[in-house]
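Enquirer: Contents of input_31.txt (compact mmCIF, C-alpha atoms) are given next:
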# COMPACT_ATOMS: atom_id res chain seq x y z
CA MET A 49 -17.34 21.52 17.42
CA THR A 50 -14.46 21.68 19.89
CA ASN A 51 -13.08 25.06 20.94
CA VAL A 52 -9.62 25.72 19.56
CA ASP A 53 -6.83 26.86 21.87
CA GLU A 54 -5.49 30.10 20.39
CA LYS A 55 -1.88 29.19 21.09
CA LEU A 56 -2.11 25.61 19.81
CA GLY A 57 -4.33 26.35 16.82
CA ASP A 58 -5.27 23.25 14.86
CA HIS A 59 -3.01 21.16 17.07
CA THR A 60 -5.40 21.71 20.00
CA PRO A 61 -5.71 18.18 21.40
CA VAL A 62 -9.13 16.56 21.79
CA SER A 63 -10.36 13.29 23.23
CA ASN A 64 -13.55 11.34 23.59
CA VAL A 65 -12.80 10.99 27.30
CA THR A 66 -11.85 13.66 29.80
CA GLN A 67 -8.60 12.54 31.39
CA GLN A 68 -5.28 13.42 29.86
CA SER A 69 -1.81 12.21 30.75
CA SER A 70 1.45 14.09 30.59
CA VAL A 71 4.67 12.10 30.48
CA ASP A 72 7.85 13.71 29.19
CA GLU A 73 9.54 10.66 27.64
CA TYR A 74 10.19 10.08 23.96
CA ALA A 75 12.74 7.25 23.94
CA PRO A 76 12.06 3.80 22.49
CA SER A 77 11.88 0.62 24.57
CA GLU A 78 12.32 -2.98 23.56
CA GLY A 79 9.83 -4.10 26.21
CA SER A 80 10.00 -7.06 28.56
CA ALA A 81 9.35 -9.75 25.96
CA SER A 82 12.36 -11.58 24.58
CA GLY A 83 13.72 -11.27 21.07
CA VAL A 84 15.02 -8.27 19.21
CA SER A 85 15.57 -7.94 15.48
CA ALA A 86 18.91 -6.19 14.93
CA PRO A 87 18.57 -3.34 12.44
CA GLY A 88 20.81 -2.59 9.50
CA GLU A 89 22.17 0.84 8.72
CA GLY A 90 19.14 3.09 8.68
CA ILE A 91 16.85 0.31 7.54
CA GLU A 92 15.53 -2.88 9.06
CA ASN A 93 17.61 -5.95 8.30
CA VAL A 94 14.92 -8.07 6.68
CA GLU A 95 15.76 -11.14 4.66
CA GLY A 96 14.68 -10.71 1.09
CA TYR A 97 14.96 -6.94 0.92
CA SER A 98 17.70 -4.40 0.40
CA LEU A 99 17.52 -0.70 -0.24
CA PRO A 100 17.64 0.19 -3.95
CA ALA A 101 20.44 2.37 -5.24
CA ALA A 102 20.19 6.07 -4.47
CA GLN A 103 18.09 8.20 -6.78
CA ALA A 104 18.32 11.89 -7.52
CA ALA A 105 16.44 13.95 -4.95
CA PRO A 106 13.31 15.66 -6.30
CA GLU A 107 13.40 19.40 -6.48
CA ALA A 108 12.01 21.22 -3.47
CA ASP A 109 9.43 23.17 -5.46
CA PHE A 110 8.01 19.95 -6.83
CA LEU A 111 7.78 18.42 -3.39
CA ASP A 112 6.06 21.45 -1.91
CA SER A 113 3.37 21.29 -4.55
CA LEU A 114 3.04 17.52 -4.66
CA PRO A 115 -0.16 17.16 -2.65
CA ASP A 116 -1.90 19.97 -4.47
CA ILE A 117 -0.95 18.58 -7.85
CA ALA A 118 -2.41 15.26 -6.90
CA TRP A 119 -5.60 16.77 -5.55
CA ALA A 120 -6.17 19.09 -8.44
CA SER A 121 -5.25 16.78 -11.25
CA TYR A 122 -7.65 13.93 -11.77
CA GLY A 123 -5.42 12.24 -14.33
CA GLU A 124 -3.54 9.01 -13.82
CA PRO A 125 -4.67 7.19 -10.69
CA ALA A 126 -2.54 7.59 -7.58
CA GLU A 127 -1.20 4.31 -6.24
CA ALA A 128 0.17 3.30 -2.86
CA ILE A 129 2.59 0.86 -4.47
CA ILE A 130 5.35 2.98 -5.97
CA GLY A 131 6.83 1.13 -8.95
CA THR A 132 7.15 -2.54 -8.10
CA ASP A 133 5.73 -3.99 -4.90
CA ASP A 134 8.75 -4.54 -2.65
CA ARG A 135 6.99 -5.32 0.62
CA VAL A 136 8.41 -8.20 2.64
CA HIS A 137 6.38 -10.53 4.84
CA ILE A 138 7.38 -10.38 8.52
CA THR A 139 6.98 -13.79 10.11
CA ASN A 140 8.87 -13.32 13.40
CA THR A 141 6.38 -10.83 14.74
CA THR A 142 7.21 -11.62 18.38
CA ALA A 143 10.61 -9.93 17.97
CA TYR A 144 11.04 -6.21 18.58
CA PRO A 145 10.27 -3.94 16.72
CA TRP A 146 7.64 -6.03 14.91
CA ARG A 147 5.74 -6.82 18.12
CA ALA A 148 5.38 -3.08 18.85
CA ASN A 149 3.03 -2.80 15.85
CA ALA A 150 -0.61 -3.75 16.07
CA SER A 151 -3.30 -4.85 13.67
CA LEU A 152 -6.39 -2.71 14.32
CA LEU A 153 -10.00 -3.76 13.84
CA ILE A 154 -12.03 -0.56 13.90
CA THR A 155 -15.76 -0.37 14.49
CA ALA A 156 -17.06 3.00 13.32
CA ALA A 157 -20.01 4.79 14.90
CA ASP A 158 -22.37 3.31 12.31
CA GLY A 159 -21.06 -0.21 12.94
CA SER A 160 -19.04 -0.41 9.73
CA LEU A 161 -15.75 -2.28 10.07
CA TRP A 162 -12.32 -1.11 8.97
CA SER A 163 -8.73 -2.21 9.40
CA GLY A 164 -5.69 -0.12 10.17
CA THR A 165 -2.36 -0.16 11.96
CA GLY A 166 -1.08 1.30 15.22
CA TRP A 167 2.31 1.48 16.93
CA PHE A 168 3.14 1.62 20.60
CA PHE A 169 4.86 4.75 21.85
CA GLY A 170 4.23 4.01 25.52
CA PRO A 171 3.06 1.13 27.73
CA HIS A 172 -0.60 2.12 27.34
CA THR A 173 -0.57 4.18 24.17
CA LEU A 174 -0.45 3.61 20.41
CA GLY A 175 -0.01 6.19 17.70
CA THR A 176 -2.17 6.04 14.58
CA ALA A 177 -3.82 8.24 11.97
CA GLY A 178 -6.52 10.69 12.96
CA HIS A 179 -8.88 9.11 10.44
CA VAL A 180 -8.50 5.79 12.26
CA VAL A 181 -9.95 7.15 15.53
CA PHE A 182 -12.25 9.90 14.22
CA ILE A 183 -14.19 9.88 10.94
CA LYS A 184 -14.81 13.23 9.32
CA ASN A 185 -17.08 14.26 6.42
CA SER A 186 -17.94 10.72 5.40
CA GLY A 187 -21.32 11.62 3.98
CA VAL A 188 -22.67 8.37 5.40
CA PRO A 189 -25.38 8.85 8.04
CA GLY A 190 -24.21 7.90 11.52
CA ARG A 191 -20.60 7.24 10.53
CA ASP A 192 -18.87 10.52 11.43
CA GLY A 193 -17.26 11.14 14.80
CA TRP A 194 -15.21 9.08 17.21
CA VAL A 195 -15.18 5.44 16.27
CA ARG A 196 -17.07 3.12 18.57
CA SER A 197 -14.13 0.85 19.44
CA ILE A 198 -10.80 -0.44 18.20
CA GLN A 199 -9.54 -3.96 18.81
CA VAL A 200 -5.74 -3.79 19.17
CA MET A 201 -3.77 -6.94 18.24
CA PRO A 202 0.00 -6.39 18.71
CA GLY A 203 2.38 -8.62 16.80
CA ARG A 204 -0.47 -10.36 15.04
CA SER A 205 0.59 -12.91 12.46
CA GLY A 206 -2.42 -14.22 10.59
CA ASN A 207 -4.51 -16.22 13.03
CA GLN A 208 -1.84 -16.02 15.72
CA PHE A 209 -2.18 -13.38 18.43
CA PRO A 210 0.99 -13.72 20.53
CA TYR A 211 0.02 -10.87 22.87
CA GLY A 212 -3.73 -11.37 22.74
CA SER A 213 -5.90 -8.38 21.99
CA VAL A 214 -7.27 -5.39 23.87
CA THR A 215 -10.32 -3.37 22.88
CA SER A 216 -10.17 0.38 23.46
CA ASN A 217 -12.71 3.17 23.29
CA ASP A 218 -10.34 5.85 24.56
CA PHE A 219 -8.96 7.98 21.73
CA ARG A 220 -7.06 11.20 21.06
CA SER A 221 -6.72 13.51 18.08
CA VAL A 222 -6.55 17.26 17.39
CA THR A 223 -9.03 19.88 16.27
CA GLY A 224 -7.28 20.33 12.92
CA TRP A 225 -8.59 16.87 12.13
CA THR A 226 -11.78 16.55 14.19
CA ASN A 227 -13.11 20.03 13.36
CA SER A 228 -11.60 20.65 9.95
CA GLY A 229 -10.69 17.26 8.47
CA ASP A 230 -7.36 18.76 7.38
CA GLN A 231 -4.95 16.00 6.29
CA ASN A 232 -2.04 18.04 7.67
CA PHE A 233 -3.40 17.27 11.14
CA ASP A 234 -4.31 13.65 10.51
CA TYR A 235 -2.88 11.96 13.61
CA GLY A 236 -4.23 10.48 16.80
CA ALA A 237 -3.71 7.96 19.55
CA ILE A 238 -5.34 4.93 21.13
CA VAL A 239 -5.10 4.54 24.90
CA LEU A 240 -5.29 1.04 26.40
CA SER A 241 -6.45 0.12 29.87
CA THR A 242 -3.62 -2.40 30.13
CA ASN A 243 0.13 -1.86 29.91
CA LEU A 244 0.57 -4.26 27.00
CA GLY A 245 3.17 -1.94 25.51
CA GLY A 246 5.43 -2.70 28.46
CA GLN A 247 5.63 -6.22 27.10
CA THR A 248 5.91 -5.42 23.41
CA GLY A 249 8.08 -2.36 23.76
CA TRP A 250 7.54 0.84 21.84
CA PHE A 251 8.98 3.23 19.30
CA GLY A 252 10.58 6.50 20.25
CA PHE A 253 9.49 9.65 18.51
CA ALA A 254 10.96 13.07 17.94
CA ALA A 255 10.59 16.23 15.87
CA PHE A 256 13.56 15.84 13.55
CA ASP A 257 14.77 18.68 11.33
CA ASP A 258 14.36 18.67 7.54
CA ALA A 259 17.92 17.57 6.83
CA THR A 260 17.68 14.59 9.17
CA ILE A 261 14.37 13.46 7.69
CA ASN A 262 15.56 13.93 4.11
CA ALA A 263 18.61 11.79 4.83
CA SER A 264 16.55 9.00 6.38
CA VAL A 265 15.03 5.78 5.17
CA ALA A 266 11.28 5.73 5.78
CA ASN A 267 10.76 2.34 7.41
CA ILE A 268 7.12 1.24 7.52
CA THR A 269 5.62 -2.00 8.75
CA GLY A 270 1.94 -2.69 9.03
CA TYR A 271 -1.10 -4.74 8.16
CA PRO A 272 -2.15 -4.21 4.52
CA GLY A 273 -5.55 -5.46 3.40
CA ASP A 274 -4.31 -6.89 0.11
CA LYS A 275 -2.26 -9.59 1.85
CA PRO A 276 -3.45 -12.64 3.84
CA ALA A 277 -5.56 -11.38 6.73
CA GLY A 278 -3.64 -10.15 9.73
CA THR A 279 -0.16 -10.62 8.29
CA GLN A 280 2.51 -7.99 8.84
CA TRP A 281 4.51 -6.54 5.92
CA PHE A 282 7.56 -4.29 5.86
CA HIS A 283 9.12 -1.96 3.36
CA GLY A 284 11.73 0.75 3.60
CA ALA A 285 12.65 3.38 1.02
CA ARG A 286 14.25 6.78 1.02
CA VAL A 287 12.34 9.85 2.03
CA ALA A 288 11.23 11.72 -1.09
CA GLY A 289 10.62 15.05 0.60
CA VAL A 290 9.31 16.90 3.59
CA ASN A 291 7.39 20.07 4.31
CA ALA A 292 6.32 21.61 7.60
CA GLN A 293 3.48 19.19 8.16
CA LYS A 294 4.01 16.14 5.97
CA VAL A 295 6.67 13.62 5.01
CA PHE A 296 6.65 12.02 1.53
CA TYR A 297 8.29 8.69 0.75
CA GLU A 298 8.43 5.93 -1.84
CA THR A 299 7.83 3.23 0.72
CA ASP A 300 5.15 0.84 -0.53
CA THR A 301 1.93 0.60 1.45
CA ALA A 302 -1.67 -0.53 0.92
CA GLY A 303 -5.06 0.04 2.52
CA GLY A 304 -4.90 -1.15 6.11
CA GLN A 305 -1.55 0.47 6.82
CA SER A 306 -2.96 3.84 7.81
CA GLY A 307 -1.57 4.74 11.21
CA SER A 308 1.75 2.94 10.84
CA ALA A 309 4.84 4.58 12.23
CA VAL A 310 7.12 6.03 9.57
CA TYR A 311 10.36 5.56 11.42
CA ARG A 312 14.08 6.10 11.06
CA ILE A 313 16.87 4.08 12.63
CA ASP A 314 19.64 6.16 14.17
CA GLY A 315 23.33 5.33 14.37
CA SER A 316 22.80 3.45 17.61
CA GLY A 317 20.07 1.28 16.14
CA ASN A 318 17.22 3.07 17.92
CA ARG A 319 13.89 3.33 16.12
CA TYR A 320 12.27 6.78 16.16
CA ALA A 321 8.97 7.65 14.48
CA MET A 322 9.20 10.77 12.32
CA ALA A 323 5.71 10.63 10.79
CA VAL A 324 2.41 8.77 10.94
CA HIS A 325 1.49 7.08 7.68
CA ALA A 326 -1.89 8.20 6.38
CA TYR A 327 -2.19 8.49 2.57
CA GLY A 328 -1.41 6.66 -0.63
CA GLY A 329 -0.32 8.79 -3.58
CA SER A 330 0.92 8.66 -7.17
CA SER A 331 4.65 9.30 -6.97
CA SER A 332 4.96 9.01 -3.21
CA ASN A 333 2.96 8.06 -0.15
CA SER A 334 2.72 10.44 2.76
CA GLY A 335 2.28 10.75 6.47
CA THR A 336 1.72 13.43 9.05
CA ARG A 337 5.08 14.79 10.12
CA ILE A 338 5.96 14.62 13.81
CA ASN A 339 6.85 18.27 14.11
CA ALA A 340 7.22 20.07 17.44
CA GLN A 341 3.47 20.45 17.98
CA VAL A 342 2.75 16.83 17.12
CA SER A 343 5.60 15.68 19.33
CA ASN A 344 4.28 17.74 22.22
CA ASN A 345 0.84 16.19 21.86
CA LEU A 346 2.21 12.64 21.61
CA ALA A 347 4.25 13.31 24.73
CA ALA A 348 1.16 14.57 26.53
CA TRP A 349 -0.88 11.54 25.43
CA LYS A 350 1.80 9.04 26.29
CA ALA A 351 0.86 6.82 29.19
CA MET B 7 -11.54 6.79 7.25
CA GLU B 8 -12.87 9.30 4.77
CA GLY B 9 -13.18 13.00 4.77
CA VAL B 10 -10.07 14.15 2.97
CA THR B 11 -10.96 13.94 -0.68
CA ARG B 12 -12.56 16.92 -2.32
CA GLY B 13 -15.40 14.89 -3.79
CA ARG B 14 -18.76 14.27 -2.23
CA SER B 15 -19.60 11.02 -3.95
CA ILE B 16 -19.78 7.59 -2.38
CA ILE B 17 -18.61 4.33 -3.88
CA ARG B 18 -20.91 1.61 -2.62
CA GLY B 19 -20.33 -2.00 -3.38
CA GLU B 20 -21.34 -5.56 -2.75
CA VAL B 21 -19.04 -8.55 -2.82
CA THR B 22 -20.52 -11.87 -3.87
CA SER B 23 -19.32 -15.31 -4.80
CA ILE B 24 -20.92 -18.41 -6.22
CA ASP B 25 -21.85 -19.21 -2.62
CA GLY B 26 -23.62 -15.89 -2.01
CA VAL B 27 -22.55 -12.66 -0.34
CA VAL B 28 -19.04 -12.51 1.11
CA ALA B 29 -18.76 -11.03 4.58
CA PHE B 30 -15.58 -9.78 6.24
CA ALA B 31 -13.64 -9.37 3.00
CA SER B 32 -10.98 -6.64 2.91
CA VAL B 33 -11.76 -3.93 0.39
CA LEU B 34 -9.28 -1.20 -0.33
CA ILE B 35 -8.58 1.51 -2.87
CA GLU B 36 -5.41 0.61 -4.72
CA ALA B 37 -5.38 3.54 -7.13
CA ALA B 38 -7.32 6.79 -7.15
CA PRO B 39 -7.27 10.19 -8.87
CA ALA B 40 -5.90 11.80 -5.72
CA PRO B 41 -4.20 10.79 -2.46
CA PHE B 42 -6.48 8.59 -0.43
CA PRO B 43 -6.62 7.38 3.19
CA ASP B 44 -4.74 4.09 3.47
CA VAL B 45 -7.37 2.12 5.34
CA ALA B 46 -9.22 -1.02 4.33
CA ALA B 47 -12.96 -1.56 4.69
CA LEU B 48 -14.36 -4.90 5.75
CA THR B 49 -17.59 -6.05 4.14
CA ASP B 50 -20.58 -6.41 6.45
CA ASN B 51 -22.80 -9.45 6.83
CA ASP B 52 -24.51 -8.55 3.55
CA GLY B 53 -21.19 -8.30 1.72
CA ARG B 54 -21.48 -4.53 1.46
CA PHE B 55 -18.94 -1.73 1.79
CA SER B 56 -18.72 1.99 1.06
CA PHE B 57 -16.00 4.58 0.51
CA ALA B 58 -17.26 8.11 0.97
CA GLY B 59 -15.95 11.53 0.01
CA VAL B 60 -14.54 10.44 -3.33
CA GLY B 61 -14.13 12.74 -6.32
CA PRO B 62 -14.65 12.09 -10.03
CA GLY B 63 -12.17 9.84 -11.76
CA THR B 64 -11.01 6.28 -12.13
CA TYR B 65 -10.53 4.06 -9.10
CA ARG B 66 -9.01 0.62 -8.79
CA ILE B 67 -10.48 -1.38 -5.93
CA VAL B 68 -8.96 -4.54 -4.50
CA ILE B 69 -10.98 -7.23 -2.74
CA ASN B 70 -9.18 -9.78 -0.62
CA ALA B 71 -11.34 -12.52 0.83
CA GLU B 72 -10.05 -15.61 2.55
CA GLY B 73 -10.50 -18.60 0.27
CA TYR B 74 -11.08 -16.50 -2.82
CA GLY B 75 -7.78 -14.73 -3.39
CA VAL B 76 -7.29 -11.15 -4.48
CA VAL B 77 -9.51 -9.54 -7.10
CA SER B 78 -9.03 -6.10 -8.62
CA VAL B 79 -11.71 -4.05 -10.37
CA GLN B 80 -11.70 -0.62 -11.97
CA ILE B 81 -14.56 1.81 -11.59
CA ASP B 82 -15.24 5.24 -13.06
CA VAL B 83 -16.90 7.70 -10.72
CA GLY B 84 -18.64 10.84 -11.91
CA ASP B 85 -20.36 13.51 -9.90
CA GLU B 86 -22.89 11.07 -8.47
CA ASP B 87 -22.59 8.05 -6.21
CA ALA B 88 -21.43 4.83 -7.78
CA PHE B 89 -22.37 1.23 -7.09
CA VAL B 90 -20.34 -1.79 -8.02
CA ARG B 91 -21.20 -5.47 -7.60
CA ILE B 92 -18.07 -7.59 -7.50
CA GLU B 93 -18.16 -11.32 -7.99
CA ILE B 94 -15.08 -13.13 -6.78
Turn the structure described in the file into structure tokens.
Expert:
Amino acid sequence: MTNVDEKLGDHTPVSNVTQQSSVDEYAPSEGSASGVSAPGEGIENVEGYSLPAAQAAPEADFLDSLPDIAWASYGEPAEAIIGTDDRVHITNTTAYPWRANASLLITAADGSLWSGTGWFFGPHTLGTAGHVVFIKNSGVPGRDGWVRSIQVMPGRSGNQFPYGSVTSNDFRSVTGWTNSGDQNFDYGAIVLSTNLGGQTGWFGFAAFDDATINASVANITGYPGDKPAGTQWFHGARVAGVNAQKVFYETDTAGGQSGSAVYRIDGSGNRYAMAVHAYGGSSSNSGTRINAQVSNNLAAWKA
Amino acid sequence: MEGVTRGRSIIRGEVTSIDGVVAFASVLIEAAPAPFPDVAALTDNDGRFSFAGVGPGTYRIVINAEGYGVVSVQIDVGDEDAFVRIEI
């Protein structure tokens, strides 16, 4: 059990290695590789997909209670595909921002294999879910704790690995996840020994206010396990709601997309992560909000 | 990958085909009684997988194995561990 910093509380950062970095830079970068996919207004400009017409915003009280309703009520199954499956296959994965996302092959402490998604937020560093780097309360002997290794494959497209792959065993998370397994603190990072992110580019990140998040499209791209192995899929849909620690959205996802950036595109076309995708749900999926504490930790981990 | 559901049960499974066990197939929870971590398990060399920390209710599990396509199965979990053998 890691000691908790009184000031940082459950956002006390932890790592399986001792060194920490501290770089005060949150802006995105397109990297040194060529090719950039021009965004649309607030949403990626992907052939074959357009944002559905606006829907009435859910009431705040409903949104605040959404996770608890889902946990407490074992009724209709929760699904990560909200309504119809609108995900679009990304084939030009060498263009930014697609190349800044990585397929992850995770080897847990017990040797079990899992897949997830990560996103560069610095030359050496990818953001992801806490449950991707640290397994908590699994109930399976030998599985809990920091995962053994993660193979990072940026811009993967099926059997094509345009930027190769790097295996890391250098991870970050926070005590709210590693000690408590609290989904409100389910975020982490993967640190690479190479500066592969300098080639692929990276997403910016920031602690946006409620109004900005509520007015945003939640863009998510990642590597779902229900599609051909290692293929990247995108979807964008409006944010359904936000509370202090989570963002809820109707963006379609599937198992394997945990750790994806939930990002908004600003008026200048810059991509900024506002949450880290982590959970599938019934009426919306959800991710850990990049609030001030999360942003501070990402900034400290960025290398 | 687990650790967030309120349940303590484990869904264990084995993926087989007419050719025998299927290793390295993606297995994911597509629908569950409560929000669930959006990861995918990969079957081991014996075709096995497990999702831990699940609560009672109905789950829909998707198996995606190269050469076999996508298969979906539904499983009811009670208070005890569940085992499912899936032939694709």
Enquirer: Fewer than 2 positions away in the same chain doesn't count, so skip those; otherwise give me all residues within 12 Å of Ile92 of chain B, counting all atoms listed in the file, as JSON, numbers by chain.
Expert: {"B": [18, 19, 20, 21, 22, 23, 24, 26, 27, 28, 31, 33, 49, 53, 54, 55, 67, 68, 69, 70, 71, 76, 77, 78, 79, 80, 81, 89, 90, 94]}
Enquirer: Can you check which parts of chain B lie within 6 Å of chain A? Per residue, the shortest pair of atoms and distance in Å to one decimal, counting only C-alpha atoms, sorted by chain and number, as JSON lines.
Expert:
{"residue": "B:Met7", "atom": "CA", "partner": "A:His179", "partner_atom": "CA", "distance": 4.8}
{"residue": "B:Glu8", "atom": "CA", "partner": "A:Ser186", "partner_atom": "CA", "distance": 5.3}
{"residue": "B:Gly9", "atom": "CA", "partner": "A:Asn185", "partner_atom": "CA", "distance": 4.4}
{"residue": "B:Ser32", "atom": "CA", "partner": "A:Gly273", "partner_atom": "CA", "distance": 5.6}
{"residue": "B:Leu34", "atom": "CA", "partner": "A:Gly303", "partner_atom": "CA", "distance": 5.2}
{"residue": "B:Glu36", "atom": "CA", "partner": "A:Glu127", "partner_atom": "CA", "distance": 5.8}
{"residue": "B:Ala37", "atom": "CA", "partner": "A:Glu127", "partner_atom": "CA", "distance": 4.3}
{"residue": "B:Ala38", "atom": "CA", "partner": "A:Pro125", "partner_atom": "CA", "distance": 4.4}
{"residue": "B:Pro39", "atom": "CA", "partner": "A:Pro125", "partner_atom": "CA", "distance": 4.4}
{"residue": "B:Ala40", "atom": "CA", "partner": "A:Trp119", "partner_atom": "CA", "distance": 5.0}
{"residue": "B:Pro41", "atom": "CA", "partner": "A:Gly329", "partner_atom": "CA", "distance": 4.5}
{"residue": "B:Phe42", "atom": "CA", "partner": "A:Tyr327", "partner_atom": "CA", "distance": 5.2}
{"residue": "B:Pro43", "atom": "CA", "partner": "A:Tyr327", "partner_atom": "CA", "distance": 4.6}
{"residue": "B:Asp44", "atom": "CA", "partner": "A:Gly303", "partner_atom": "CA", "distance": 4.2}
{"residue": "B:Val45", "atom": "CA", "partner": "A:Gly304", "partner_atom": "CA", "distance": 4.2}
{"residue": "B:Ala46", "atom": "CA", "partner": "A:Gly303", "partner_atom": "CA", "distance": 4.7}
{"residue": "B:Ala47", "atom": "CA", "partner": "A:Trp162", "partner_atom": "CA", "distance": 4.4}
{"residue": "B:Leu48", "atom": "CA", "partner": "A:Leu161", "partner_atom": "CA", "distance": 5.2}
{"residue": "B:Ala58", "atom": "CA", "partner": "A:Ser186", "partner_atom": "CA", "distance": 5.2}
{"residue": "B:Gly59", "atom": "CA", "partner": "A:Ser186", "partner_atom": "CA", "distance": 5.8}
{"residue": "B:Asn70", "atom": "CA", "partner": "A:Asp274", "partner_atom": "CA", "distance": 5.7}
Enquirer: Which distance in Å separates atom CA of Val62 of chain A and atom CA of Gly335 of chain A, to one decimal?
Expert: 20.0 Å
Enquirer: Fewer than 2 positions away in the same chain doesn't count, so skip those; otherwise give me all residues within 10 Å of Val94 of chain A, counting only C-alpha atoms, as a ChimeraX atom specification.
Expert: /A:85-88,91-92,96-98,136-138,282-284
Enquirer: What does the file look like for those residues with C-alpha atoms, as an mmCIF file, in the frame of the given file?
Expert:
data_model
loop_
_atom_site.group_PDB
_atom_site.id
_atom_site.type_symbol
_atom_site.label_atom_id
_atom_site.label_comp_id
_atom_site.auth_asym_id
_atom_site.auth_seq_id
_atom_site.Cartn_x
_atom_site.Cartn_y
_atom_site.Cartn_z
ATOM 1 C CA SER A 85 15.570 -7.940 15.480
ATOM 2 C CA ALA A 86 18.910 -6.190 14.930
ATOM 3 C CA PRO A 87 18.570 -3.340 12.440
ATOM 4 C CA GLY A 88 20.810 -2.590 9.500
ATOM 5 C CA ILE A 91 16.850 0.310 7.540
ATOM 6 C CA GLU A 92 15.530 -2.880 9.060
ATOM 7 C CA GLY A 96 14.680 -10.710 1.090
ATOM 8 C CA TYR A 97 14.960 -6.940 0.920
ATOM 9 C CA SER A 98 17.700 -4.400 0.400
ATOM 10 C CA VAL A 136 8.410 -8.200 2.640
ATOM 11 C CA HIS A 137 6.380 -10.530 4.840
ATOM 12 C CA ILE A 138 7.380 -10.380 8.520
ATOM 13 C CA PHE A 282 7.560 -4.290 5.860
ATOM 14 C CA HIS A 283 9.120 -1.960 3.360
ATOM 15 C CA GLY A 284 11.730 0.750 3.600
#
Enquirer: Could you list as a PyMOL selection string every residue that has an atom within 8 Å of (16.2, 6.6, 10.5), using the file's coordinates and counting only C-alpha atoms?
Expert: chain A and resi 90-91+261+264-267+311-314+319-320
Enquirer: Pull C-alpha atoms from the residues just selected and write them as a JSON list (two decimals), keeping the file's coordinate frame.
Expert:
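Writing the result to out_14.json gives the following:
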[["chain", "number", "residue", "atom", "x", "y", "z"],
["A", 90, "GLY", "CA", 19.14, 3.09, 8.68],
["A", 91, "ILE", "CA", 16.85, 0.31, 7.54],
["A", 261, "ILE", "CA", 14.37, 13.46, 7.69],
["A", 264, "SER", "CA", 16.55, 9.00, 6.38],
["A", 265, "VAL", "CA", 15.03, 5.78, 5.17],
["A", 266, "ALA", "CA", 11.28, 5.73, 5.78],
["A", 267, "ASN", "CA", 10.76, 2.34, 7.41],
["A", 311, "TYR", "CA", 10.36, 5.56, 11.42],
["A", 312, "ARG", "CA", 14.08, 6.10, 11.06],
["A", 313, "ILE", "CA", 16.87, 4.08, 12.63],
["A", 314, "ASP", "CA", 19.64, 6.16, 14.17],
["A", 319, "ARG", "CA", 13.89, 3.33, 16.12],
["A", 320, "TYR", "CA", 12.27, 6.78, 16.16]]
Enquirer: In Å, with one decimal, what is the gap from atom CA of Leu56 of chain A to atom CA of Ala288 of chain A?
Expert: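 A separation of 28.4 Å between them.
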Enquirer: Can you work out which one of A:Thr173, A:Ser205, A:Ser80, A:Thr132 has the shortest atom-to-atom distance to Gly246 of chain A, counting all atoms listed in the file?
Expert: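 Answer, going by the shortest atom-to-atom distance: A:Ser80.
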Enquirer: Using only C-alpha atoms, can you tell me which of B:Ile17, B:Ala29, B:Ile35, B:Ala88 comes closest to Asn51 of chain B?
Expert: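 For Asn51 of chain B, the nearest of the candidates is B:Ala29.
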Enquirer: Write out as a PyMOL selection string the residues lying within 9 Å of Asp258 of chain A, counting all atoms listed in the file and excluding same-chain residues fewer than 6 positions away.
Expert: chain A and resi 289-292
Enquirer: Please measure the separation of atom CA of Arg220 of chain A and atom CA of Asn345 of chain A, giving the value in Å to one decimal.
Expert: 9.4 Å
Enquirer: As JSON, please: the centre and edge lengths in Å, to one decimal, of an axis-aligned box enclosing every listed atom of segment 69-87 of chain B with 8 Å added on each side.
Expert:
{"center_x": -15.1, "center_y": -2.5, "center_z": -5.3, "size_x": 31.6, "size_y": 48.1, "size_z": 31.6}
Enquirer: Near Gly212 of chain A, within 10 Å and counting only C-alpha atoms, which residues show up once chain neighbours fewer than 2 positions away are dropped, as a PyMOL selection string?
Expert: chain A and resi 200-204+208-210+214+244
Enquirer: Write the residues you've just listed into a file as a PDB file, keeping the file's coordinate frame, and include C-alpha atoms for each of them.
Expert:
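Contents of the output file out.pdb:
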ATOM      1  CA  VAL A 200      -5.740  -3.790  19.170  1.00  0.00           C
ATOM      2  CA  MET A 201      -3.770  -6.940  18.240  1.00  0.00           C
ATOM      3  CA  PRO A 202       0.000  -6.390  18.710  1.00  0.00           C
ATOM      4  CA  GLY A 203       2.380  -8.620  16.800  1.00  0.00           C
ATOM      5  CA  ARG A 204      -0.470 -10.360  15.040  1.00  0.00           C
ATOM      6  CA  GLN A 208      -1.840 -16.020  15.720  1.00  0.00           C
ATOM      7  CA  PHE A 209      -2.180 -13.380  18.430  1.00  0.00           C
ATOM      8  CA  PRO A 210       0.990 -13.720  20.530  1.00  0.00           C
ATOM      9  CA  VAL A 214      -7.270  -5.390  23.870  1.00  0.00           C
ATOM     10  CA  LEU A 244       0.570  -4.260  27.000  1.00  0.00           C
TER      11      LEU A 244
END
Enquirer: Can you pull out the residues contacting Trp167 of chain A? Cut-off 9 Å, using all atoms listed in the file, and skip same-chain residues under 5 positions away; I want them as an MDAnalysis selection string.
Expert: chainID A and resid 148:150 173:176 202 250:251 270 307:309
Enquirer: Go through A:Arg147, A:Arg135, A:Lys350, A:His172 and flag the residue nearest Gly245 of chain A, using only C-alpha atoms for the distances.
Expert: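 Using only C-alpha atoms, Gly245 of chain A sits closest to A:His172.
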Enquirer: Given all atoms listed in the file as the basis, pick out the residue of B:Glu72, B:Gly61, B:Ser56, B:Phe30 nearest to Arg91 of chain B.
Expert: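 Smallest distance to Arg91 of chain B is found for B:Ser56.
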